[in-house]
Amino acid sequence: MTALEAAMGFAIGGTVLMVGVPAFVHELHGSKQIEATSGIQQLADKTIAYAQDRPTIAAFPPSAPLTPSSVNKGRREIDAVDAWDHPTWKALDFHPYADTPHAYSFELDTALGPAKSTFRAVAHGDLDGDGTTSTFELRGTADGAGARVDPGMIVDAELE
């Protein structure tokens, strides 16, 4: 092998790495977000379904605490058997990833009123264990026009 052939090999290898590594990192980052985005979408959908045929003041169930109660720090864990026993989680039949390792904790905040009720579905995760939490959030509303998820997802510190 000549020096020219070796240089060409390094150039081609460097080009492949230059193109491949950013794409790999982008896909890896996206896979970490899918748990949060699919979980809160499922929570929002179940909350909207709960509101069907209910008056506005009772459209959504009571708020549910952060479940699991602490955000996993840089690891995926399986929940305790009773983690999803809160009455609101049971009313919504919501227990995402209850029997599979996961990195996010979920909560539901509701505010009920006679003319308008609202909810906020949230997923919190600390994927790298540094104490900075990624937060994904969907909001919804119930009023005289029915129940719906508000447009857009709120994301805070997704690159934690």
# chains A, B, ... in the order shown; residues from 1 in each chain; ligands from 1

$ residues_around --residues "range 44-53 of chain A" --least-positions-apart "6" --cutoff "6 Å" --atoms "only C-alpha atoms" --output "short mmCIF file (atom, residue, chain, number, x, y, z; two decimals) with C-alpha atoms, in the first residue's frame"
data_model
loop_
_atom_site.label_atom_id
_atom_site.label_comp_id
_atom_site.auth_asym_id
_atom_site.auth_seq_id
_atom_site.Cartn_x
_atom_site.Cartn_y
_atom_site.Cartn_z
CA ALA A 59 -64.80 17.02 32.23
CA PHE A 60 -61.45 15.85 33.56
CA LEU A 92 -57.95 6.94 32.70
CA ALA A 147 -62.99 18.68 24.74
#

$ residues_around --residues "Pro96 in chain A" --least-positions-apart "6" --cutoff "10 Å" --atoms "only C-alpha atoms" --output "list in words"
Glu35, Ser38, Gly39, Ile40, Gln42, Leu43, Trp84, His102, Tyr104, Ser105 and Phe106 of chain A

$ atom_distance --atom1 "CA of Arg76 in chain A" --atom2 "CA of Ala103 in chain A"
4.5 Å

$ atom_distance --atom1 "CA of Ala121 in chain A" --atom2 "CA of Arg54 in chain A"
19.3 Å

$ atom_distance --atom1 "CA of Asp126 in chain A" --atom2 "CA of Glu107 in chain A"
15.1 Å

$ residues_around --residues "range 132-144 of chain A" --least-positions-apart "3" --cutoff "9 Å" --atoms "only C-alpha atoms" --output "VMD selection string"
chain A and resid 33 36 to 37 40 to 41 44 47 to 48 51 55 to 57 59 to 60 71 114 to 129 147 to 160

$ select_by_dssp --residues "range 97-148 of chain A" --states "strand (DSSP E or B)" --output "count of residues only"
32

$ residues_around --residues "His86 in chain A" --least-positions-apart "3" --cutoff "10 Å" --atoms "only C-alpha atoms" --output "mmCIF file with N, CA and C atoms, in the first residue's frame"
data_model
loop_
_atom_site.group_PDB
_atom_site.id
_atom_site.type_symbol
_atom_site.label_atom_id
_atom_site.label_comp_id
_atom_site.auth_asym_id
_atom_site.auth_seq_id
_atom_site.Cartn_x
_atom_site.Cartn_y
_atom_site.Cartn_z
ATOM 1 N N SER A 63 -56.378 16.008 39.486
ATOM 2 C CA SER A 63 -54.945 15.962 39.176
ATOM 3 C C SER A 63 -54.327 14.695 39.744
ATOM 4 N N ALA A 64 -53.296 14.200 39.070
ATOM 5 C CA ALA A 64 -52.557 13.016 39.530
ATOM 6 C C ALA A 64 -51.104 13.411 39.736
ATOM 7 N N PRO A 65 -50.484 12.898 40.784
ATOM 8 C CA PRO A 65 -49.104 13.290 41.102
ATOM 9 C C PRO A 65 -48.091 12.693 40.120
ATOM 10 N N THR A 67 -45.694 10.392 38.637
ATOM 11 C CA THR A 67 -45.644 8.935 38.758
ATOM 12 C C THR A 67 -44.693 8.373 37.710
ATOM 13 N N ASP A 82 -47.413 -1.018 42.584
ATOM 14 C CA ASP A 82 -48.516 -0.115 42.917
ATOM 15 C C ASP A 82 -48.308 1.323 42.435
ATOM 16 N N ALA A 83 -47.336 1.563 41.585
ATOM 17 C CA ALA A 83 -47.012 2.933 41.167
ATOM 18 C C ALA A 83 -48.190 3.647 40.505
ATOM 19 N N TRP A 89 -55.172 7.751 37.619
ATOM 20 C CA TRP A 89 -54.546 6.851 36.638
ATOM 21 C C TRP A 89 -55.466 5.673 36.341
ATOM 22 N N LYS A 90 -56.154 5.179 37.373
ATOM 23 C CA LYS A 90 -57.083 4.064 37.162
ATOM 24 C C LYS A 90 -58.289 4.508 36.325
ATOM 25 N N ALA A 91 -58.831 5.700 36.596
ATOM 26 C CA ALA A 91 -59.979 6.194 35.839
ATOM 27 C C ALA A 91 -59.632 6.366 34.360
#

$ decode --residues "range 2-154 of chain A" --atoms "C-alpha atoms" --output "short mmCIF file (atom, residue, chain, number, x, y, z; two decimals), in the first residue's frame"
data_model
loop_
_atom_site.label_atom_id
_atom_site.label_comp_id
_atom_site.auth_asym_id
_atom_site.auth_seq_id
_atom_site.Cartn_x
_atom_site.Cartn_y
_atom_site.Cartn_z
CA THR A 2 1.40 3.35 -0.99
CA ALA A 3 1.13 6.57 0.95
CA LEU A 4 -1.36 7.87 -1.66
CA GLU A 5 -3.62 4.84 -1.19
CA ALA A 6 -3.49 5.24 2.59
CA ALA A 7 -4.32 8.94 2.30
CA MET A 8 -7.28 8.15 0.02
CA GLY A 9 -8.49 5.53 2.51
CA PHE A 10 -8.32 8.01 5.38
CA ALA A 11 -10.11 10.65 3.28
CA ILE A 12 -12.93 8.29 2.37
CA GLY A 13 -13.22 7.02 5.96
CA GLY A 14 -13.29 10.57 7.31
CA THR A 15 -16.02 11.53 4.86
CA VAL A 16 -18.15 8.56 5.88
CA LEU A 17 -17.72 9.45 9.57
CA MET A 18 -18.46 13.12 8.90
CA VAL A 19 -21.78 12.17 7.31
CA GLY A 20 -22.70 9.18 9.47
CA VAL A 21 -21.98 10.33 13.02
CA PRO A 22 -24.32 13.37 13.05
CA ALA A 23 -27.13 11.28 11.56
CA PHE A 24 -26.57 8.59 14.20
CA VAL A 25 -26.55 11.14 17.03
CA HIS A 26 -29.76 12.72 15.66
CA GLU A 27 -31.51 9.33 15.55
CA LEU A 28 -30.30 8.41 19.03
CA HIS A 29 -31.59 11.71 20.43
CA GLY A 30 -34.96 11.21 18.70
CA SER A 31 -35.33 7.72 20.17
CA LYS A 32 -34.95 9.13 23.70
CA GLN A 33 -37.79 11.61 23.08
CA ILE A 34 -40.27 9.07 21.71
CA GLU A 35 -41.06 7.69 25.18
CA ALA A 36 -42.04 11.14 26.44
CA THR A 37 -43.94 12.30 23.37
CA SER A 38 -45.90 9.08 22.90
CA GLY A 39 -46.62 8.85 26.65
CA ILE A 40 -48.07 12.34 26.99
CA GLN A 41 -49.99 11.94 23.72
CA GLN A 42 -51.53 8.76 25.14
CA LEU A 43 -52.31 10.59 28.41
CA ALA A 44 -53.90 13.52 26.54
CA ASP A 45 -55.98 11.18 24.36
CA LYS A 46 -57.26 9.26 27.39
CA THR A 47 -58.06 12.53 29.21
CA ILE A 48 -60.06 13.77 26.21
CA ALA A 49 -61.89 10.43 25.98
CA TYR A 50 -62.72 10.71 29.70
CA ALA A 51 -64.37 14.09 29.01
CA GLN A 52 -66.85 12.68 26.49
CA ASP A 53 -70.46 13.04 27.68
CA ARG A 54 -69.41 14.83 30.89
CA PRO A 55 -70.35 18.40 31.83
CA THR A 56 -67.55 20.96 31.55
CA ILE A 57 -67.16 21.29 35.32
CA ALA A 58 -66.47 17.54 35.60
CA ALA A 59 -64.80 17.02 32.23
CA PHE A 60 -61.45 15.85 33.56
CA PRO A 61 -60.47 13.70 36.53
CA PRO A 62 -58.65 15.19 39.53
CA SER A 63 -54.95 15.96 39.18
CA ALA A 64 -52.56 13.02 39.53
CA PRO A 65 -49.10 13.29 41.10
CA LEU A 66 -45.78 12.68 39.42
CA THR A 67 -45.64 8.93 38.76
CA PRO A 68 -43.23 7.32 39.44
CA SER A 69 -42.77 9.83 42.26
CA SER A 70 -39.15 10.58 41.41
CA VAL A 71 -37.60 11.05 37.99
CA ASN A 72 -35.07 8.34 37.17
CA LYS A 73 -31.57 9.77 36.96
CA GLY A 74 -29.82 8.54 33.84
CA ARG A 75 -31.33 5.07 33.80
CA ARG A 76 -34.43 3.18 32.79
CA GLU A 77 -36.38 1.37 35.51
CA ILE A 78 -39.47 -0.77 35.90
CA ASP A 79 -42.16 0.76 38.16
CA ALA A 80 -43.19 -0.61 41.53
CA VAL A 81 -46.30 -2.78 41.29
CA ASP A 82 -48.52 -0.12 42.92
CA ALA A 83 -47.01 2.93 41.17
CA TRP A 84 -50.08 3.56 38.99
CA ASP A 85 -52.74 2.93 41.68
CA HIS A 86 -53.80 6.59 42.03
CA PRO A 87 -57.56 6.89 41.30
CA THR A 88 -56.96 9.24 38.36
CA TRP A 89 -54.55 6.85 36.64
CA LYS A 90 -57.08 4.06 37.16
CA ALA A 91 -59.98 6.19 35.84
CA LEU A 92 -57.95 6.94 32.70
CA ASP A 93 -56.54 3.39 32.48
CA PHE A 94 -53.15 5.05 32.12
CA HIS A 95 -50.04 3.07 32.98
CA PRO A 96 -47.59 3.54 30.12
CA TYR A 97 -44.49 1.38 30.35
CA ALA A 98 -45.67 0.00 33.72
CA ASP A 99 -43.98 -3.34 33.04
CA THR A 100 -41.08 -2.20 30.87
CA PRO A 101 -38.04 -0.14 31.82
CA HIS A 102 -38.57 3.57 31.15
CA ALA A 103 -36.88 6.90 31.87
CA TYR A 104 -39.80 9.33 32.25
CA SER A 105 -42.28 10.16 35.01
CA PHE A 106 -45.75 11.52 34.18
CA GLU A 107 -48.20 13.86 35.87
CA LEU A 108 -51.62 15.31 35.12
CA ASP A 109 -52.77 18.72 36.38
CA THR A 110 -56.42 19.65 35.98
CA ALA A 111 -58.43 22.80 36.69
CA LEU A 112 -62.21 22.46 36.58
CA GLY A 113 -64.72 25.25 36.09
CA PRO A 114 -68.36 25.64 34.97
CA ALA A 115 -67.50 27.42 31.69
CA LYS A 116 -64.04 26.00 30.97
CA SER A 117 -61.90 23.18 32.32
CA THR A 118 -58.26 22.58 31.44
CA PHE A 119 -55.59 19.92 31.81
CA ARG A 120 -51.84 19.73 31.47
CA ALA A 121 -50.18 16.36 30.70
CA VAL A 122 -46.45 16.36 31.51
CA ALA A 123 -43.50 13.99 31.13
CA HIS A 124 -40.24 14.63 33.04
CA GLY A 125 -36.95 12.83 32.42
CA ASP A 126 -33.29 13.15 33.39
CA LEU A 127 -31.73 11.02 30.68
CA ASP A 128 -28.09 11.69 31.48
CA GLY A 129 -28.39 11.78 35.28
CA ASP A 130 -27.00 15.30 35.68
CA GLY A 131 -29.99 16.73 37.58
CA THR A 132 -31.30 18.75 34.60
CA THR A 133 -34.79 17.58 33.67
CA SER A 134 -36.32 17.42 30.20
CA THR A 135 -40.00 18.36 30.25
CA PHE A 136 -42.60 17.62 27.56
CA GLU A 137 -46.11 19.03 27.94
CA LEU A 138 -49.49 18.96 26.21
CA ARG A 139 -52.49 21.02 27.30
CA GLY A 140 -56.18 20.55 26.69
CA THR A 141 -59.48 22.34 27.17
CA ALA A 142 -63.13 21.45 27.66
CA ASP A 143 -65.87 24.03 27.18
CA GLY A 144 -69.20 24.42 25.40
CA ALA A 145 -67.53 23.38 22.13
CA GLY A 146 -66.31 20.05 23.57
CA ALA A 147 -62.99 18.68 24.74
CA ARG A 148 -59.79 18.97 22.73
CA VAL A 149 -56.01 18.96 22.96
CA ASP A 150 -54.62 22.45 22.42
CA PRO A 151 -52.27 22.76 19.43
CA GLY A 152 -48.54 22.41 19.97
CA MET A 153 -46.30 20.62 22.42
CA ILE A 154 -44.26 22.55 24.96
#
